[in-house]
file query_23.csv (CSV, C-alpha atoms and all ligand atoms)
chain,number,residue,atom,x,y,z
A,1,MET,CA,-96.4,-82.8,-129.5
A,2,THR,CA,-96.3,-79.5,-127.8
A,3,GLU,CA,-93.3,-78.0,-129.8
A,4,LYS,CA,-94.1,-75.8,-132.7
A,5,LEU,CA,-93.5,-77.5,-136.0
A,6,SER,CA,-91.8,-75.9,-139.0
A,7,ASN,CA,-93.6,-75.8,-142.3
A,8,GLU,CA,-91.5,-78.6,-143.7
A,9,GLU,CA,-92.4,-80.7,-140.7
A,10,ILE,CA,-96.1,-80.0,-141.0
A,11,LEU,CA,-96.0,-80.9,-144.7
A,12,LYS,CA,-94.2,-84.2,-143.9
A,13,CYS,CA,-96.7,-85.0,-141.2
A,14,GLN,CA,-99.5,-84.4,-143.6
A,15,TRP,CA,-97.9,-86.5,-146.3
A,16,PHE,CA,-97.6,-89.3,-143.7
A,17,ASP,CA,-101.2,-88.9,-142.6
A,18,GLU,CA,-102.4,-89.1,-146.1
A,19,ASN,CA,-100.3,-92.2,-147.0
A,20,TYR,CA,-99.8,-94.4,-144.0
A,21,GLU,CA,-103.1,-96.2,-144.1
A,22,ASP,CA,-102.8,-96.7,-147.8
A,23,ILE,CA,-99.4,-98.3,-147.5
A,24,LYS,CA,-100.7,-100.6,-144.7
A,25,ARG,CA,-103.6,-101.5,-147.0
A,26,ARG,CA,-101.3,-102.2,-149.9
A,27,ILE,CA,-99.1,-104.4,-147.7
A,28,ALA,CA,-102.1,-106.3,-146.5
A,29,GLU,CA,-103.3,-106.7,-150.1
A,30,ALA,CA,-100.0,-108.0,-151.3
A,31,CYS,CA,-100.0,-110.4,-148.3
A,32,LYS,CA,-103.4,-111.6,-149.2
A,33,LYS,CA,-102.3,-112.2,-152.8
A,34,ALA,CA,-99.3,-114.1,-151.6
A,35,GLY,CA,-101.4,-116.2,-149.2
A,36,ARG,CA,-99.6,-114.7,-146.3
A,37,ASP,CA,-100.6,-113.2,-142.9
A,38,PRO,CA,-100.1,-109.4,-142.9
A,39,LYS,CA,-99.0,-109.7,-139.3
A,40,GLU,CA,-95.8,-111.4,-140.6
A,41,VAL,CA,-94.7,-108.3,-142.4
A,42,ILE,CA,-92.9,-105.5,-140.6
A,43,MET,CA,-93.2,-102.1,-142.1
A,44,LEU,CA,-90.0,-100.3,-141.2
A,45,ALA,CA,-90.0,-96.5,-141.7
A,46,ALA,CA,-86.8,-95.4,-143.5
A,47,THR,CA,-86.3,-92.1,-141.8
A,48,LYS,CA,-83.2,-90.6,-143.5
A,49,THR,CA,-83.7,-86.8,-143.8
A,50,VAL,CA,-86.9,-87.0,-141.9
A,51,PRO,CA,-87.0,-84.6,-138.9
A,52,THR,CA,-87.3,-86.0,-135.4
A,53,ALA,CA,-90.7,-84.4,-134.8
A,54,VAL,CA,-92.1,-86.1,-137.9
A,55,ILE,CA,-90.7,-89.5,-136.9
A,56,ASN,CA,-92.3,-89.1,-133.5
A,57,HIS,CA,-95.6,-88.3,-135.2
A,58,ALA,CA,-95.2,-91.5,-137.2
A,59,ILE,CA,-94.4,-93.5,-134.0
A,60,GLU,CA,-97.5,-92.0,-132.3
A,61,SER,CA,-99.5,-93.1,-135.3
A,62,GLY,CA,-98.4,-96.7,-135.0
A,63,VAL,CA,-95.0,-97.1,-136.7
A,64,ASP,CA,-93.0,-99.4,-134.5
A,65,HIS,CA,-89.8,-100.0,-136.5
A,66,ILE,CA,-87.6,-97.2,-137.8
A,67,GLY,CA,-84.3,-97.3,-139.6
A,68,GLU,CA,-81.5,-94.8,-140.2
A,69,ASN,CA,-78.8,-94.8,-142.9
A,70,ARG,CA,-76.2,-92.5,-141.6
A,71,VAL,CA,-74.4,-92.7,-138.3
A,72,GLN,CA,-74.2,-88.9,-137.8
A,73,GLU,CA,-77.8,-88.4,-138.5
A,74,LEU,CA,-78.8,-91.3,-136.2
A,75,LEU,CA,-76.7,-89.8,-133.4
A,76,SER,CA,-78.2,-86.3,-133.9
A,77,LYS,CA,-81.7,-87.6,-133.7
A,78,LYS,CA,-81.6,-90.4,-131.2
A,79,ASP,CA,-82.2,-88.4,-128.0
A,80,GLY,CA,-85.3,-86.7,-129.4
A,81,LEU,CA,-87.1,-89.9,-130.5
A,82,LEU,CA,-89.9,-91.5,-128.6
A,83,PRO,CA,-88.4,-94.7,-127.1
A,84,SER,CA,-91.2,-97.1,-128.1
A,85,ALA,CA,-90.1,-97.9,-131.7
A,86,HIS,CA,-87.5,-100.5,-132.5
A,87,ARG,CA,-84.4,-98.9,-134.0
A,88,HIS,CA,-82.5,-100.4,-136.9
A,89,PHE,CA,-79.4,-99.3,-138.8
A,90,ILE,CA,-79.9,-99.8,-142.6
A,91,GLY,CA,-77.2,-97.8,-144.3
A,92,HIS,CA,-73.5,-98.3,-145.2
A,93,LEU,CA,-71.5,-98.7,-142.0
A,94,GLN,CA,-67.8,-98.2,-141.7
A,95,THR,CA,-65.9,-100.3,-139.2
A,96,ASN,CA,-64.7,-97.3,-137.3
A,97,LYS,CA,-68.2,-96.1,-136.7
A,98,VAL,CA,-69.6,-99.3,-135.2
A,99,LYS,CA,-68.7,-98.1,-131.7
A,100,ASP,CA,-71.0,-95.1,-132.1
A,101,ILE,CA,-74.1,-97.1,-132.8
A,102,VAL,CA,-73.9,-100.5,-131.0
A,103,ASP,CA,-75.8,-99.1,-128.0
A,104,GLU,CA,-78.3,-97.2,-130.2
A,105,VAL,CA,-79.9,-99.8,-132.4
A,106,GLU,CA,-81.2,-103.3,-131.9
A,107,MET,CA,-80.5,-104.6,-135.3
A,108,ILE,CA,-77.9,-103.8,-138.0
A,109,GLN,CA,-79.4,-104.8,-141.3
A,110,SER,CA,-76.5,-103.8,-143.5
A,111,VAL,CA,-73.6,-106.0,-142.5
A,112,HIS,CA,-71.6,-106.2,-145.7
A,113,SER,CA,-68.3,-107.8,-144.7
A,114,LEU,CA,-66.7,-110.2,-142.3
A,115,LYS,CA,-64.5,-107.4,-141.1
A,116,LEU,CA,-67.6,-105.4,-140.1
A,117,ALA,CA,-69.2,-108.4,-138.4
A,118,THR,CA,-66.0,-109.0,-136.5
A,119,GLU,CA,-65.9,-105.5,-135.2
A,120,ILE,CA,-69.6,-105.5,-134.1
A,121,ASN,CA,-68.9,-108.8,-132.3
A,122,LYS,CA,-65.8,-107.4,-130.6
A,123,LEU,CA,-67.6,-104.2,-129.3
A,124,CYS,CA,-70.7,-106.1,-128.3
A,125,GLN,CA,-68.6,-108.6,-126.3
A,126,LYS,CA,-67.0,-105.6,-124.4
A,127,ARG,CA,-70.5,-104.3,-123.6
A,128,GLY,CA,-72.0,-107.7,-122.7
A,129,LYS,CA,-74.6,-107.6,-125.4
A,130,VAL,CA,-75.6,-109.6,-128.5
A,131,MET,CA,-76.5,-107.7,-131.7
A,132,ASP,CA,-79.0,-109.1,-134.2
A,133,ILE,CA,-77.7,-108.6,-137.7
A,134,LEU,CA,-78.8,-109.2,-141.3
A,135,LEU,CA,-76.2,-109.8,-144.0
A,136,GLU,CA,-76.5,-107.4,-146.9
A,137,VAL,CA,-76.3,-109.1,-150.2
A,138,ASN,CA,-75.2,-107.4,-153.4
A,139,VAL,CA,-77.7,-109.3,-155.5
A,140,GLY,CA,-76.9,-107.4,-158.7
A,141,ASN,CA,-73.2,-107.6,-158.3
A,142,GLU,CA,-73.0,-103.8,-158.6
A,143,GLU,CA,-69.7,-102.0,-158.2
A,144,SER,CA,-71.4,-99.1,-156.5
A,145,LYS,CA,-73.0,-101.2,-153.8
A,146,SER,CA,-71.5,-103.0,-150.8
A,147,GLY,CA,-72.6,-106.4,-149.6
A,148,PHE,CA,-71.7,-110.0,-149.9
A,149,SER,CA,-72.0,-111.6,-153.3
A,150,VAL,CA,-74.6,-114.3,-153.6
A,151,SER,CA,-71.9,-117.0,-153.7
A,152,GLU,CA,-70.2,-115.7,-150.6
A,153,VAL,CA,-73.2,-115.6,-148.3
A,154,GLU,CA,-73.3,-119.1,-147.0
A,155,SER,CA,-69.6,-119.2,-146.0
A,156,ALA,CA,-70.0,-115.8,-144.4
A,157,VAL,CA,-73.0,-117.1,-142.4
A,158,ARG,CA,-70.9,-120.0,-141.2
A,159,GLU,CA,-68.0,-117.8,-140.2
A,160,ILE,CA,-70.2,-115.3,-138.4
A,161,ALA,CA,-72.1,-118.1,-136.7
A,162,LYS,CA,-68.9,-118.8,-134.6
A,163,MET,CA,-69.0,-115.3,-133.2
A,164,THR,CA,-70.6,-115.2,-129.8
A,165,ASN,CA,-72.0,-111.6,-129.7
A,166,VAL,CA,-73.6,-111.2,-133.1
A,167,LYS,CA,-76.5,-113.3,-134.2
A,168,VAL,CA,-77.4,-113.7,-137.9
A,169,LYS,CA,-81.1,-113.3,-138.3
A,170,GLY,CA,-81.5,-113.0,-142.0
A,171,LEU,CA,-80.7,-111.2,-145.2
A,172,MET,CA,-81.3,-107.8,-146.7
A,173,CYS,CA,-80.8,-106.4,-150.2
A,174,ILE,CA,-81.3,-103.3,-152.3
A,175,PRO,CA,-81.7,-104.7,-155.9
A,176,PRO,CA,-80.3,-102.7,-158.9
A,177,ILE,CA,-82.6,-100.3,-160.6
A,178,CYS,CA,-84.5,-102.5,-163.0
A,179,GLU,CA,-85.8,-101.9,-166.5
A,180,ASN,CA,-88.9,-104.1,-165.9
A,181,VAL,CA,-90.6,-106.0,-163.3
A,182,GLN,CA,-89.4,-109.4,-164.6
A,183,GLU,CA,-85.8,-108.4,-163.9
A,184,LEU,CA,-86.8,-107.1,-160.4
A,185,ARG,CA,-88.5,-110.4,-159.6
A,186,GLN,CA,-85.3,-112.3,-160.5
A,187,TYR,CA,-83.4,-110.4,-157.9
A,188,PHE,CA,-86.0,-110.9,-155.2
A,189,ALA,CA,-86.2,-114.6,-156.1
A,190,ILE,CA,-82.4,-115.0,-155.8
A,191,LEU,CA,-82.4,-113.5,-152.3
A,192,SER,CA,-85.5,-115.4,-151.2
A,193,LYS,CA,-84.0,-118.7,-152.4
A,194,LEU,CA,-80.7,-118.0,-150.6
A,195,PHE,CA,-82.7,-117.2,-147.4
A,196,ILE,CA,-84.6,-120.5,-147.6
A,197,ASP,CA,-81.5,-122.6,-148.6
A,198,ILE,CA,-79.4,-121.3,-145.7
A,199,GLU,CA,-82.2,-121.9,-143.2
A,200,ALA,CA,-82.5,-125.4,-144.5
A,201,LYS,CA,-78.8,-126.0,-143.7
A,202,LYS,CA,-79.5,-125.5,-140.0
A,203,VAL,CA,-76.2,-123.7,-139.2
A,204,ASP,CA,-75.7,-123.6,-135.4
A,205,ASN,CA,-76.5,-120.3,-133.8
A,206,VAL,CA,-78.2,-119.0,-137.0
A,207,SER,CA,-81.9,-118.7,-137.8
A,208,MET,CA,-83.1,-117.1,-140.9
A,209,VAL,CA,-86.0,-115.1,-139.5
A,210,TYR,CA,-85.9,-111.8,-141.4
A,211,LEU,CA,-85.9,-111.2,-145.2
A,212,SER,CA,-85.6,-107.5,-145.6
A,213,MET,CA,-86.3,-106.3,-149.1
A,214,GLY,CA,-88.7,-104.0,-150.8
A,215,MET,CA,-88.9,-100.2,-150.7
A,216,SER,CA,-91.4,-97.6,-151.8
A,217,GLY,CA,-91.3,-98.6,-155.4
A,218,ASP,CA,-91.3,-102.3,-155.1
A,219,PHE,CA,-92.5,-103.5,-151.7
A,220,GLU,CA,-95.5,-105.4,-153.1
A,221,GLU,CA,-93.2,-107.5,-155.4
A,222,ALA,CA,-90.9,-108.1,-152.4
A,223,ILE,CA,-93.8,-109.3,-150.3
A,224,MET,CA,-94.8,-111.7,-153.1
A,225,HIS,CA,-91.3,-113.1,-152.8
A,226,GLY,CA,-91.4,-113.6,-149.1
A,227,ALA,CA,-90.1,-110.3,-147.7
A,228,ASN,CA,-91.1,-109.9,-144.0
A,229,ILE,CA,-89.4,-106.5,-143.5
A,230,VAL,CA,-90.2,-103.8,-146.1
A,231,ARG,CA,-88.3,-100.5,-145.7
A,232,ILE,CA,-90.4,-97.5,-146.7
A,233,GLY,CA,-89.2,-93.9,-146.9
A,234,THR,CA,-90.6,-91.7,-149.7
A,235,SER,CA,-94.0,-93.2,-149.8
A,236,LEU,CA,-94.5,-92.4,-146.1
A,237,PHE,CA,-92.8,-89.1,-145.8
A,238,GLY,CA,-92.6,-87.6,-149.3
A,239,PRO,CA,-89.6,-86.9,-151.5
A,240,ARG,CA,-86.2,-86.3,-149.8
A,241,ASN,CA,-83.9,-83.3,-150.4
A,242,TYR,CA,-80.9,-85.4,-151.2
A,243,ASN,CA,-80.5,-88.7,-152.9
A,244,LYS,CA,-79.8,-92.0,-151.0
B,1,LIG,C1,-83.8,-94.9,-148.3
B,1,LIG,C2,-83.8,-96.3,-148.0
B,1,LIG,C3,-85.0,-97.1,-148.1
B,1,LIG,C4,-86.3,-96.4,-148.5
B,1,LIG,O1,-86.4,-96.0,-149.8
B,1,LIG,P1,-87.7,-95.4,-150.4
B,1,LIG,O2,-87.5,-95.6,-151.9
B,1,LIG,O3,-87.6,-93.9,-150.1
B,1,LIG,O4,-88.8,-96.0,-149.8
B,1,LIG,C5,-85.0,-98.4,-147.8
B,1,LIG,N1,-83.8,-99.0,-147.6
B,1,LIG,C6,-82.6,-98.4,-147.5
B,1,LIG,C7,-81.4,-99.1,-147.2
B,1,LIG,C8,-82.6,-97.0,-147.7
B,1,LIG,O5,-81.5,-96.4,-147.7
call {"tool": "encode", "arguments": {"input": "query_23.csv", "output": "structure tokens"}}
result
Amino acid sequence: MTEKLSNEEILKCQWFDENYEDIKRRIAEACKKAGRDPKEVIMLAATKTVPTAVINHAIESGVDHIGENRVQELLSKKDGLLPSAHRHFIGHLQTNKVKDIVDEVEMIQSVHSLKLATEINKLCQKRGKVMDILLEVNVGNEESKSGFSVSEVESAVREIAKMTNVKVKGLMCIPPICENVQELRQYFAILSKLFIDIEAKKVDNVSMVYLSMGMSGDFEEAIMHGANIVRIGTSLFGPRNYNK
């Protein structure tokens, strides 16, 4: 990087440098404990509020999957990012914003309704592409969160499987804030079971490849329950200025 970094950017790069190896080590340890190969687990950097220069520093250091939450933020950063990392959308997506991101990401992890899937399919059809998607599951049935309820997921998968230009590749969730680790484990176990059960049903055009769960505070538990994408923000880049 030749551009001069601001103080905030320098601090975030330092935070990253001090924590990246440690996170990778913790992922590897959790895999070992679970009897899994660490190569199975993708560490996605959740980059909301993180400046482009810092994201590029992370990419140069080896991060190869990044995810944004907000359409506006994604659009304002996209041109400045190094092209080598795989780009995901992981935040709440409104139907009318799909058109802005279909060409910018290779996976939308937060598909929360049939209406949204239908719109992604329609726009991808026009553009002659196929979008990989994950279905977001509201595992805790929280009012404040979007996502399919656990009981809706299978029928949603079957419905979306008929669409030609989206491909269901798995599930994602953000569990409720839990009082204790037992409660957290229950939620991860629910999603993991759903993932396995749906794969076992061999729905045409659907393969359950990615189970995206686990963030800074709980990625080790998620890995113990089979997660193969963990989405890490705070632990990699430090605290954010705004919540979410
Ligand atoms: C912010 C965010 C993360 C990362 O959260 P941290 O606790 O900062 O690691 C993961 N997934 C989604 C969907 C997010 O919005």
call {"tool": "residues_near_ligand", "arguments": {"input": "query_23.csv", "ligand": "ligand LIG 1 (chain B)", "cutoff": "10 Å", "atoms": "all atoms listed in the file", "output": "ChimeraX atom specification"}}
result
/A:44-49,67-70,89-92,109-110,136,172-174,212-219,230-240,243-244
call {"tool": "atom_distance", "arguments": {"input": "query_23.csv", "atom1": "CA of Arg185 (chain A)", "atom2": "CA of His112 (chain A)"}}
result
22.3 Å
call {"tool": "residues_around", "arguments": {"input": "query_23.csv", "residues": "Asp64 (chain A)", "least_positions_apart": "3", "cutoff": "10 Å", "atoms": "only C-alpha atoms", "output": "NGL selection string"}}
result
:A and (42-45 or 58-61 or 83-87)
call {"tool": "residues_around", "arguments": {"input": "query_23.csv", "residues": "Val111 (chain A)", "least_positions_apart": "2", "cutoff": "9 Å", "atoms": "only C-alpha atoms", "output": "ChimeraX atom specification"}}
result
/A:90,92-93,108-109,113-114,116-117,133-137,147-148,172
call {"tool": "write_last_selection", "arguments": {"input": "query_23.csv", "atoms": "C-alpha atoms", "output": "PDB file, keeping the file's coordinate frame"}}
result
ATOM      1  CA  ILE A  90     -79.900 -99.800-142.600  1.00  0.00           C
ATOM      2  CA  HIS A  92     -73.500 -98.300-145.200  1.00  0.00           C
ATOM      3  CA  LEU A  93     -71.500 -98.700-142.000  1.00  0.00           C
ATOM      4  CA  ILE A 108     -77.900-103.800-138.000  1.00  0.00           C
ATOM      5  CA  GLN A 109     -79.400-104.800-141.300  1.00  0.00           C
ATOM      6  CA  SER A 113     -68.300-107.800-144.700  1.00  0.00           C
ATOM      7  CA  LEU A 114     -66.700-110.200-142.300  1.00  0.00           C
ATOM      8  CA  LEU A 116     -67.600-105.400-140.100  1.00  0.00           C
ATOM      9  CA  ALA A 117     -69.200-108.400-138.400  1.00  0.00           C
ATOM     10  CA  ILE A 133     -77.700-108.600-137.700  1.00  0.00           C
ATOM     11  CA  LEU A 134     -78.800-109.200-141.300  1.00  0.00           C
ATOM     12  CA  LEU A 135     -76.200-109.800-144.000  1.00  0.00           C
ATOM     13  CA  GLU A 136     -76.500-107.400-146.900  1.00  0.00           C
ATOM     14  CA  VAL A 137     -76.300-109.100-150.200  1.00  0.00           C
ATOM     15  CA  GLY A 147     -72.600-106.400-149.600  1.00  0.00           C
ATOM     16  CA  PHE A 148     -71.700-110.000-149.900  1.00  0.00           C
ATOM     17  CA  MET A 172     -81.300-107.800-146.700  1.00  0.00           C
TER      18      MET A 172
END
call {"tool": "residues_around", "arguments": {"input": "query_23.csv", "residues": "Met208 (chain A)", "least_positions_apart": "2", "cutoff": "12 Å", "atoms": "all atoms listed in the file", "output": "MDAnalysis selection string"}}
result
chainID A and resid 132:135 154 157 161 167:172 191:206 210:212 227:228
call {"tool": "closest_residue", "arguments": {"input": "query_23.csv", "among": "A:Met163, A:Asp103, A:Glu221, A:Asn141", "to": "Ala34 (chain A)", "atoms": "only C-alpha atoms"}}
result
A:Glu221
call {"tool": "residues_around", "arguments": {"input": "query_23.csv", "residues": "Gln125 (chain A)", "least_positions_apart": "6", "cutoff": "9 Å", "atoms": "all atoms listed in the file", "output": "JSON, numbers by chain"}}
result
{"A": [164, 165, 166]}
call {"tool": "write_last_selection", "arguments": {"input": "query_23.csv", "atoms": "C-alpha atoms", "output": "PDB file, in the coordinates of the input"}}
result
ATOM      1  CA  THR A 164     -70.600-115.200-129.800  1.00  0.00           C
ATOM      2  CA  ASN A 165     -72.000-111.600-129.700  1.00  0.00           C
ATOM      3  CA  VAL A 166     -73.600-111.200-133.100  1.00  0.00           C
TER       4      VAL A 166
END
call {"tool": "closest_residue", "arguments": {"input": "query_23.csv", "among": "A:Asp79, A:Leu123, A:Asn241, A:Val41", "to": "His65 (chain A)", "atoms": "all atoms listed in the file"}}
result
A:Val41
call {"tool": "atom_distance", "arguments": {"input": "query_23.csv", "atom1": "CA of Lys122 (chain A)", "atom2": "CA of Leu81 (chain A)"}}
result
27.6 Å
